[in-house]
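**Student:** One file is attached below, protein20.csv, containing CSV, C-alpha atoms and all ligand atoms.
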chain,number,residue,atom,x,y,z
A,1291,MET,CA,11.2,-4.2,-0.7
A,1292,LEU,CA,12.6,-6.0,-3.7
A,1293,LEU,CA,13.5,-2.6,-5.2
A,1294,VAL,CA,15.3,-1.7,-2.0
A,1295,TYR,CA,17.3,-4.9,-2.2
A,1296,TYR,CA,18.1,-4.3,-5.9
A,1297,VAL,CA,19.4,-0.7,-5.2
A,1298,LEU,CA,21.5,-1.9,-2.3
A,1299,ALA,CA,22.9,-4.9,-4.3
A,1300,VAL,CA,23.9,-2.9,-7.5
A,1301,ASN,CA,25.5,-0.2,-5.4
A,1302,ILE,CA,27.5,-2.7,-3.3
A,1303,ILE,CA,28.6,-4.5,-6.5
A,1304,ALA,CA,29.6,-1.2,-8.2
A,1305,PHE,CA,31.6,-0.1,-5.1
A,1306,ILE,CA,33.4,-3.5,-5.0
A,1307,LEU,CA,34.1,-3.4,-8.8
A,1308,TYR,CA,35.7,0.1,-8.6
A,1309,GLY,CA,37.9,-1.0,-5.7
A,1310,TYR,CA,38.8,-4.3,-7.4
A,1311,ASP,CA,39.7,-2.5,-10.7
A,1312,LYS,CA,41.9,-0.1,-8.8
A,1313,SER,CA,43.8,-3.1,-7.2
A,1314,LEU,CA,44.1,-4.6,-10.7
A,1315,ALA,CA,45.6,-1.4,-12.0
A,1316,LYS,CA,48.1,-1.2,-9.2
A,1317,ARG,CA,49.2,-4.8,-9.9
A,1318,ASP,CA,49.3,-4.1,-13.6
A,1319,ARG,CA,46.8,-6.9,-14.3
A,1320,ARG,CA,44.1,-7.2,-16.9
A,1321,ARG,CA,41.5,-4.6,-16.1
A,1322,ILE,CA,37.7,-4.4,-15.9
A,1323,PRO,CA,36.4,-2.7,-19.1
A,1324,GLU,CA,35.4,0.9,-18.6
A,1325,LYS,CA,32.1,0.1,-20.3
A,1326,THR,CA,31.3,-2.4,-17.5
A,1327,LEU,CA,32.2,0.0,-14.7
A,1328,LEU,CA,29.9,2.6,-16.2
A,1329,PHE,CA,27.2,0.0,-16.9
A,1330,TRP,CA,26.9,-0.6,-13.1
A,1331,ALA,CA,26.5,3.1,-12.5
A,1332,TRP,CA,23.8,3.4,-15.2
A,1333,ILE,CA,21.7,0.6,-13.8
A,1334,GLY,CA,21.3,2.1,-10.3
A,1335,GLY,CA,24.7,1.7,-8.8
A,1336,SER,CA,25.9,5.3,-9.3
A,1337,ILE,CA,26.2,6.0,-5.5
A,1338,GLY,CA,28.4,2.9,-5.0
A,1339,ALA,CA,30.4,3.9,-8.1
A,1340,PHE,CA,30.9,7.5,-6.9
A,1341,LEU,CA,32.0,6.3,-3.4
A,1342,GLY,CA,34.3,3.7,-5.1
A,1343,MET,CA,35.9,6.5,-7.2
A,1344,ARG,CA,36.4,8.8,-4.2
A,1345,ILE,CA,37.5,6.2,-1.6
A,1346,PHE,CA,39.8,4.3,-4.0
A,1347,HIS,CA,40.9,7.4,-5.9
A,1348,HIS,CA,40.0,5.6,-9.1
A,1349,LYS,CA,38.9,7.1,-12.5
A,1350,THR,CA,38.5,10.6,-10.8
A,1351,LEU,CA,40.6,12.3,-13.6
A,1352,LYS,CA,38.8,10.5,-16.5
A,1353,PRO,CA,36.2,13.0,-17.8
A,1354,LYS,CA,33.9,10.1,-18.9
A,1355,PHE,CA,33.7,9.0,-15.2
A,1356,ALA,CA,34.2,12.4,-13.5
A,1357,LEU,CA,31.1,13.8,-15.3
A,1358,THR,CA,28.8,10.8,-15.8
A,1359,VAL,CA,28.9,9.2,-12.4
A,1360,PRO,CA,28.1,12.3,-10.3
A,1361,VAL,CA,25.3,13.3,-12.7
A,1362,LEU,CA,23.8,9.7,-12.4
A,1363,MET,CA,24.2,9.8,-8.7
A,1364,ALA,CA,22.4,13.2,-8.4
A,1365,LEU,CA,19.6,11.7,-10.5
A,1366,GLU,CA,19.4,8.5,-8.5
A,1367,ILE,CA,19.3,10.4,-5.2
A,1368,ALA,CA,16.5,12.6,-6.6
A,1369,ILE,CA,14.5,9.5,-7.7
A,1370,ILE,CA,15.0,7.9,-4.2
A,1371,ILE,CA,13.9,11.0,-2.4
A,1372,TYR,CA,10.9,11.4,-4.7
A,1373,SER,CA,9.9,7.7,-4.3
A,1374,LEU,CA,10.2,7.9,-0.5
A,1375,PHE,CA,7.9,10.9,-0.5
A,1376,GLN,CA,5.4,9.3,-2.8
A,1377,ASN,CA,5.3,6.1,-0.7
A,1378,TYR,CA,5.3,7.6,2.8
A,1379,HIS,CA,3.5,11.0,2.6
A,1380,LEU,CA,0.3,10.1,4.3
A,1381,THR,CA,-2.9,11.9,3.1
A,1382,VAL,CA,-6.5,11.9,4.4
A,1383,THR,CA,-9.4,12.0,1.9
A,1384,GLU,CA,-12.8,12.8,3.3
A,1385,TYR,CA,-16.1,11.7,1.7
A,1386,GLU,CA,-19.7,12.2,2.7
A,1387,ALA,CA,-22.5,9.7,2.4
A,1388,ASP,CA,-26.1,10.3,3.2
A,1389,LEU,CA,-27.8,7.1,4.6
A,1390,ASN,CA,-30.5,8.9,6.6
A,1391,LEU,CA,-29.0,8.1,10.0
A,1392,GLU,CA,-30.3,9.9,13.0
A,1393,GLN,CA,-26.9,10.1,14.5
A,1394,ASP,CA,-23.9,10.9,12.2
A,1395,ILE,CA,-21.0,8.5,12.3
A,1396,THR,CA,-17.3,8.9,11.2
A,1397,ILE,CA,-15.7,5.9,9.6
A,1398,VAL,CA,-11.9,5.7,9.1
A,1399,GLN,CA,-11.0,3.2,6.4
A,1400,VAL,CA,-7.6,1.6,6.3
A,1401,SER,CA,-7.0,-0.4,3.2
A,1402,ASP,CA,-4.0,-2.2,1.7
A,1403,LEU,CA,-1.5,-1.4,4.5
A,1404,HIS,CA,0.8,-4.2,3.2
A,1405,ASN,CA,3.0,-4.0,6.3
A,1406,GLN,CA,3.9,-0.4,5.3
A,1407,PHE,CA,5.8,1.6,7.9
A,1408,PHE,CA,4.3,4.9,9.0
A,1409,GLY,CA,6.4,6.1,12.0
A,1410,ILE,CA,7.8,4.2,15.0
A,1411,GLY,CA,5.1,1.9,16.4
A,1412,GLN,CA,3.0,3.2,13.4
A,1413,SER,CA,2.6,6.5,15.4
A,1414,THR,CA,2.2,8.7,12.3
A,1415,ILE,CA,-0.8,6.9,10.9
A,1416,LEU,CA,-2.3,6.2,14.4
A,1417,ASN,CA,-2.1,10.0,15.3
A,1418,ARG,CA,-3.8,10.9,12.0
A,1419,ILE,CA,-6.6,8.5,12.7
A,1420,LYS,CA,-7.0,9.7,16.3
A,1421,LYS,CA,-7.5,13.3,15.0
A,1422,GLN,CA,-10.5,12.2,13.0
A,1423,GLU,CA,-12.2,11.1,16.3
A,1424,PRO,CA,-13.7,8.0,14.5
A,1425,ASP,CA,-16.7,6.0,15.6
A,1426,MET,CA,-15.1,3.0,13.9
A,1427,ILE,CA,-12.0,1.9,12.0
A,1428,VAL,CA,-12.6,-0.5,9.2
A,1429,ILE,CA,-9.8,-2.5,7.6
A,1430,THR,CA,-10.7,-3.6,4.1
A,1431,GLY,CA,-8.0,-6.2,3.4
A,1432,ASP,CA,-4.3,-6.6,2.6
A,1433,ILE,CA,-3.2,-5.5,6.0
A,1434,VAL,CA,-0.2,-7.8,5.4
A,1435,ASP,CA,1.7,-8.6,2.3
A,1436,LYS,CA,2.9,-11.7,0.7
A,1437,THR,CA,6.3,-10.2,-0.2
A,1438,HIS,CA,7.0,-8.1,2.9
A,1439,THR,CA,7.3,-10.4,5.9
A,1440,SER,CA,7.5,-7.9,8.8
A,1441,TYR,CA,4.0,-8.7,10.2
A,1442,GLY,CA,5.0,-6.9,13.4
A,1443,ILE,CA,4.6,-3.5,11.6
A,1444,SER,CA,0.9,-4.3,10.9
A,1445,MET,CA,0.4,-5.7,14.4
A,1446,ASP,CA,1.7,-2.5,15.9
A,1447,PHE,CA,-1.0,-0.7,13.9
A,1448,ILE,CA,-3.7,-3.1,15.2
A,1449,LYS,CA,-2.5,-2.6,18.8
A,1450,GLY,CA,-2.8,1.2,18.5
A,1451,ALA,CA,-6.0,1.2,16.4
A,1452,VAL,CA,-8.1,-0.8,18.9
A,1453,LYS,CA,-7.3,1.9,21.5
A,1454,ILE,CA,-8.9,4.6,19.3
A,1455,ALA,CA,-12.2,3.0,18.2
A,1456,PRO,CA,-13.8,-0.4,17.5
A,1457,VAL,CA,-11.9,-2.1,14.6
A,1458,TYR,CA,-13.8,-4.1,12.0
A,1459,TYR,CA,-11.9,-6.3,9.5
A,1460,VAL,CA,-12.3,-8.2,6.2
A,1461,THR,CA,-9.5,-10.0,4.4
A,1462,GLY,CA,-7.9,-9.2,1.1
A,1463,ASN,CA,-6.2,-11.3,-1.5
A,1464,HIS,CA,-2.9,-11.2,0.3
A,1465,GLU,CA,-4.3,-12.7,3.5
A,1466,ALA,CA,-5.8,-15.5,1.3
A,1467,TRP,CA,-2.4,-16.1,-0.3
A,1468,LEU,CA,-0.7,-16.2,3.1
A,1469,HIS,CA,-3.1,-18.6,4.7
A,1470,GLY,CA,-1.4,-21.1,7.1
A,1471,GLU,CA,0.1,-21.1,10.5
A,1472,LYS,CA,1.7,-17.7,10.4
A,1473,MET,CA,-1.5,-16.0,9.2
A,1474,ASP,CA,-3.6,-18.0,11.7
A,1475,SER,CA,-1.5,-16.8,14.7
A,1476,PHE,CA,-1.8,-13.2,13.3
A,1477,PHE,CA,-5.6,-13.5,13.1
A,1478,GLU,CA,-5.6,-15.0,16.6
A,1479,GLU,CA,-3.7,-12.1,18.0
A,1480,MET,CA,-6.0,-9.6,16.1
A,1481,ARG,CA,-9.0,-11.3,17.7
A,1482,SER,CA,-7.4,-11.3,21.2
A,1483,LEU,CA,-6.9,-7.5,20.8
A,1484,GLY,CA,-10.6,-7.1,20.1
A,1485,VAL,CA,-10.7,-6.7,16.3
A,1486,ILE,CA,-14.2,-7.8,15.0
A,1487,PHE,CA,-13.9,-10.0,12.0
A,1488,LEU,CA,-16.6,-9.5,9.4
A,1489,ASN,CA,-15.6,-12.1,6.9
A,1490,ASP,CA,-18.9,-13.2,5.5
A,1491,ALA,CA,-20.6,-11.8,8.7
A,1492,TYR,CA,-22.5,-8.8,9.8
A,1493,ILE,CA,-23.5,-6.8,12.8
A,1494,GLU,CA,-26.7,-4.9,13.3
A,1495,THR,CA,-27.2,-1.7,15.4
A,1496,ASP,CA,-30.5,0.2,15.9
A,1497,GLU,CA,-29.6,2.3,12.9
A,1498,TYR,CA,-27.6,0.4,10.4
A,1499,ILE,CA,-26.1,-2.9,9.3
A,1500,LEU,CA,-22.4,-3.3,9.0
A,1501,ALA,CA,-21.6,-6.3,6.8
A,1502,GLY,CA,-18.5,-7.8,5.4
A,1503,ILE,CA,-17.3,-10.3,2.7
A,1504,ALA,CA,-14.1,-12.2,2.9
A,1505,ASP,CA,-12.0,-11.9,-0.3
A,1506,THR,CA,-12.0,-15.7,-0.7
A,1507,SER,CA,-15.8,-15.5,-1.0
A,1508,LEU,CA,-15.7,-13.2,-4.0
A,1509,PRO,CA,-17.4,-13.2,-6.5
A,1510,SER,CA,-19.8,-16.1,-5.9
A,1511,PHE,CA,-20.9,-15.1,-2.4
A,1512,ASN,CA,-23.8,-16.8,-0.6
A,1513,ALA,CA,-23.0,-16.7,3.1
A,1514,TYR,CA,-26.1,-14.5,3.9
A,1515,PRO,CA,-29.2,-13.5,2.0
A,1516,PRO,CA,-29.7,-9.9,0.7
A,1517,PHE,CA,-30.7,-7.4,3.3
A,1518,GLY,CA,-34.1,-5.7,3.1
A,1519,PRO,CA,-34.7,-1.9,2.9
A,1520,GLU,CA,-35.4,-1.5,6.6
A,1521,LYS,CA,-32.0,-0.3,7.6
A,1522,PRO,CA,-29.1,1.2,5.6
A,1523,VAL,CA,-26.3,-1.3,4.9
A,1524,ILE,CA,-22.6,-0.5,5.0
A,1525,MET,CA,-20.6,-3.1,3.2
A,1526,LEU,CA,-16.9,-3.9,3.7
A,1527,ALA,CA,-15.1,-5.8,0.9
A,1528,HIS,CA,-11.6,-5.7,-0.6
A,1529,GLU,CA,-12.3,-5.6,-4.3
A,1530,PRO,CA,-14.4,-2.8,-5.9
A,1531,GLN,CA,-15.0,-4.5,-9.3
A,1532,TYR,CA,-17.6,-6.8,-7.7
A,1533,TYR,CA,-19.8,-3.9,-6.8
A,1534,PRO,CA,-22.9,-5.5,-8.5
A,1535,LEU,CA,-22.7,-8.2,-5.8
A,1536,TYR,CA,-22.7,-5.6,-3.1
A,1537,GLN,CA,-25.7,-3.8,-4.7
A,1538,SER,CA,-27.5,-7.1,-5.0
A,1539,LEU,CA,-27.0,-7.7,-1.2
A,1540,GLY,CA,-28.7,-4.3,-0.5
A,1541,ALA,CA,-25.6,-2.2,0.3
A,1542,ASP,CA,-26.1,1.5,0.4
A,1543,LEU,CA,-22.4,2.2,1.0
A,1544,ALA,CA,-19.5,-0.1,0.0
A,1545,LEU,CA,-16.0,0.5,1.2
A,1546,THR,CA,-13.3,-1.2,-0.9
A,1547,GLY,CA,-9.6,-0.9,-1.9
A,1548,HIS,CA,-7.3,-3.3,-3.8
A,1549,TYR,CA,-6.5,-1.0,-6.7
A,1550,HIS,CA,-3.7,1.0,-5.0
A,1551,GLY,CA,-4.9,4.0,-7.1
A,1552,GLY,CA,-3.6,2.3,-10.3
A,1553,GLN,CA,0.0,2.8,-8.9
A,1554,ILE,CA,0.8,5.7,-11.2
A,1555,ILE,CA,-1.9,8.4,-11.7
A,1556,ILE,CA,-1.6,10.3,-14.9
A,1557,PRO,CA,-3.6,13.6,-14.9
A,1558,GLY,CA,-6.5,13.4,-17.3
A,1559,LYS,CA,-6.0,9.7,-17.8
A,1560,GLY,CA,-6.3,8.1,-14.3
A,1561,GLY,CA,-4.6,5.2,-12.6
A,1562,LEU,CA,-2.3,3.3,-14.9
A,1563,VAL,CA,-2.6,-0.3,-13.9
A,1564,SER,CA,-4.9,-2.5,-11.9
A,1565,PRO,CA,-3.7,-5.5,-9.7
A,1566,GLU,CA,-4.9,-7.7,-12.6
A,1567,PHE,CA,-2.7,-5.7,-15.0
A,1568,GLU,CA,-5.5,-4.0,-16.7
A,1569,ILE,CA,-4.3,-0.7,-18.2
A,1570,PHE,CA,-6.2,2.4,-17.2
A,1571,PRO,CA,-9.0,0.6,-15.2
A,1572,GLU,CA,-12.2,2.4,-15.0
A,1573,LEU,CA,-12.4,2.1,-11.2
A,1574,TYR,CA,-9.2,2.9,-9.3
A,1575,GLU,CA,-10.0,5.5,-6.6
A,1576,GLY,CA,-12.6,7.9,-5.3
A,1577,ILE,CA,-16.3,7.7,-4.5
A,1578,HIS,CA,-18.8,6.7,-7.1
A,1579,ASP,CA,-22.6,6.6,-7.3
A,1580,MET,CA,-23.6,3.2,-8.6
A,1581,SER,CA,-27.3,3.4,-9.1
A,1582,GLY,CA,-27.9,4.7,-5.6
A,1583,MET,CA,-25.1,2.7,-3.9
A,1584,LYS,CA,-22.0,4.8,-2.9
A,1585,LEU,CA,-18.9,2.9,-3.8
A,1586,VAL,CA,-15.7,4.1,-2.1
A,1587,ILE,CA,-12.3,2.9,-3.5
A,1588,SER,CA,-9.4,3.7,-1.3
A,1589,ARG,CA,-6.0,4.1,-3.0
A,1590,GLY,CA,-4.6,2.2,0.0
A,1591,LEU,CA,-1.5,2.8,2.1
A,1592,GLY,CA,1.1,0.4,1.0
A,1593,ASN,CA,2.5,-1.4,-2.0
A,1594,SER,CA,3.0,-5.0,-3.0
A,1595,VAL,CA,4.5,-6.4,-6.2
A,1596,LEU,CA,4.8,-3.0,-7.8
A,1597,PRO,CA,6.6,-0.8,-5.3
A,1598,VAL,CA,6.0,2.4,-7.2
A,1599,ARG,CA,3.5,5.2,-6.6
A,1600,VAL,CA,3.5,8.3,-8.7
A,1601,ASN,CA,1.1,11.2,-8.1
A,1602,ASN,CA,-0.6,8.8,-5.8
A,1603,TYR,CA,0.1,9.3,-2.1
A,1604,PRO,CA,-0.9,6.7,0.5
A,1605,GLU,CA,-4.5,7.4,1.6
A,1606,LEU,CA,-6.5,7.2,4.7
A,1607,VAL,CA,-10.2,7.5,3.9
A,1608,VAL,CA,-12.6,9.2,6.2
A,1609,VAL,CA,-16.3,8.8,5.5
A,1610,LYS,CA,-18.8,11.0,7.3
A,1611,VAL,CA,-22.1,9.2,7.2
A,1612,HIS,CA,-25.2,11.1,7.8
B,1,FE,FE,-3.5,-4.5,-1.9
Step by step, read the file and then write its structure as structure tokens.
Ligand SMILES: [Fe+2]
**Tutor:**
Amino acid sequence: MLLVYYVLAVNIIAFILYGYDKSLAKRDRRRIPEKTLLFWAWIGGSIGAFLGMRIFHHKTLKPKFALTVPVLMALEIAIIIYSLFQNYHLTVTEYEADLNLEQDITIVQVSDLHNQFFGIGQSTILNRIKKQEPDMIVITGDIVDKTHTSYGISMDFIKGAVKIAPVYYVTGNHEAWLHGEKMDSFFEEMRSLGVIFLNDAYIETDEYILAGIADTSLPSFNAYPPFGPEKPVIMLAHEPQYYPLYQSLGADLALTGHYHGGQIIIPGKGGLVSPEFEIFPELYEGIHDMSGMKLVISRGLGNSVLPVRVNNYPELVVVKVH
């Protein structure tokens, strides 16, 4: 969102400067240096600069402006379209996990939504989930974001998700940062809609245990003792790097997120940066076999402080558990 405000601001400033400079020229007053006018086009204000040139009939005959500004504008528009596609092109990744269940289950994992918009009323993402015919939807944290305040977008998602399948939820670091009255009422509404909170809690069915850990309880967790080998354990937690803890609690399958795919995925090298600003972190996406425990790391759906995704489309994870 900060990036959107930046692009809007520099373009508005560029547009105003071109108009103001034209009025100075008409009144024969001291002018804005050409370097300054071009500077605003170079730093992302090329659309505003171009509109300023056309609307105020200003600098249109100067080759320096007539060439540079349209080229910068074409480049900026291309970057904006590419960024929108990278941030909103929803993909589905399917994994398999064998836990020796008698009856197969389909889990849809939604991680790191960060109040990201996916269609009016979140219809795009909800329709994609519905198509999977899930037995459960699990939300592994960061459904809201500290810097994007439109909680309504995430609540629209919850309202639709509970109509598709039972929804289970654990918190991420952003919910922890946003604690307080606003977060409490959000949680209250989630509960009233039927979302089952698994923050340091678990449920048990005839076939498996579904357990969760609140992000605030990581890494020194002691809310419940390790599970025995009688039933397979599916664990929900936000952060993948604490996988030894999930193993020690007896998890057979752990579903996590947090890494946003490393924001920029470089072929052959992997995800560029972790939320802790580690460069090329070892774990950033995919499914991994950790001494018998399957660790799933969702690339997530939204963004936070770094609003850039490259080669890293938003991801819904589907796990077919056998
Ligand atoms: Fe996140």
**Student:** Leaving out region 1515-1527 of chain A and any residue of its chain fewer than 6 positions from it, which residues lie within 6 Å of it when counting all atoms listed in the file, given as a list in words?
**Tutor:**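 Listing them by chain and then by number gives Thr1430, Tyr1498, Ile1499, Leu1500, Ala1501, Gly1502, Ile1503, Leu1539, Gly1540, Ala1541, Asp1542, Leu1543, Ala1544, Leu1545 and Thr1546 of chain A.
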**Student:** Pick out the residues no farther than 6 Å from ligand FE 1 (chain B), counting all atoms listed in the file, and list them as a list in words.
**Tutor:**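 Going residue by residue within 6 Å of ligand FE 1 (chain B), we get Asp1402, Asp1432 and His1548 of chain A.
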**Student:** Using Å and a single decimal, report how far CA of Pro1557 (chain A) sits from CA of Lys1610 (chain A).
**Tutor:**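 Separating CA of Lys1610 (chain A) from CA of Pro1557 (chain A) is a distance of 27.0 Å.
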**Student:** Could you jot down the CA of Ser1507 (chain A) to CA of Lys1472 (chain A) separation for me, Å, one decimal place?
**Tutor:**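 Distance reported for this atom pair: 21.0 Å.
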**Student:** Go through A:Met1363, A:Val1598, A:Ile1369, A:Ala1451 one by one, measure the shortest atom-to-atom distance of each to Gln1399 (chain A) using only C-alpha atoms, and give the residue with the smallest value.
**Tutor:**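 Using only C-alpha atoms, the shortest distance to Gln1399 (chain A) belongs to A:Ala1451.
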**Student:** Please determine, counting all atoms listed in the file, which residue among A:Phe1511, A:Val1586, A:Val1607, A:Tyr1296 has the shortest atom-to-atom distance to Ile1419 (chain A).
**Tutor:** A:Val1607
**Student:** Write out as a list in words which residues come within 6 Å of region 1411-1418 of chain A when counting all atoms listed in the file, dropping same-chain ones fewer than 3 positions away.
**Tutor:** Phe1408, Lys1421, Asp1446 and Phe1447 of chain A
**Student:** Given the point (9.2, -6.3, 2.1) in the coordinates of this file, which residues lie within 10 Å, counting only C-alpha atoms, and how would they look as a PyMOL selection string?
**Tutor:** chain A and resi 1291-1295+1404-1406+1435-1441+1593-1595+1597
**Student:** Go ahead and compute the interatomic distance for CA of Arg1319 (chain A) and CA of Ala1339 (chain A), in Å to one decimal.
**Tutor:**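 The value is 20.6 Å.
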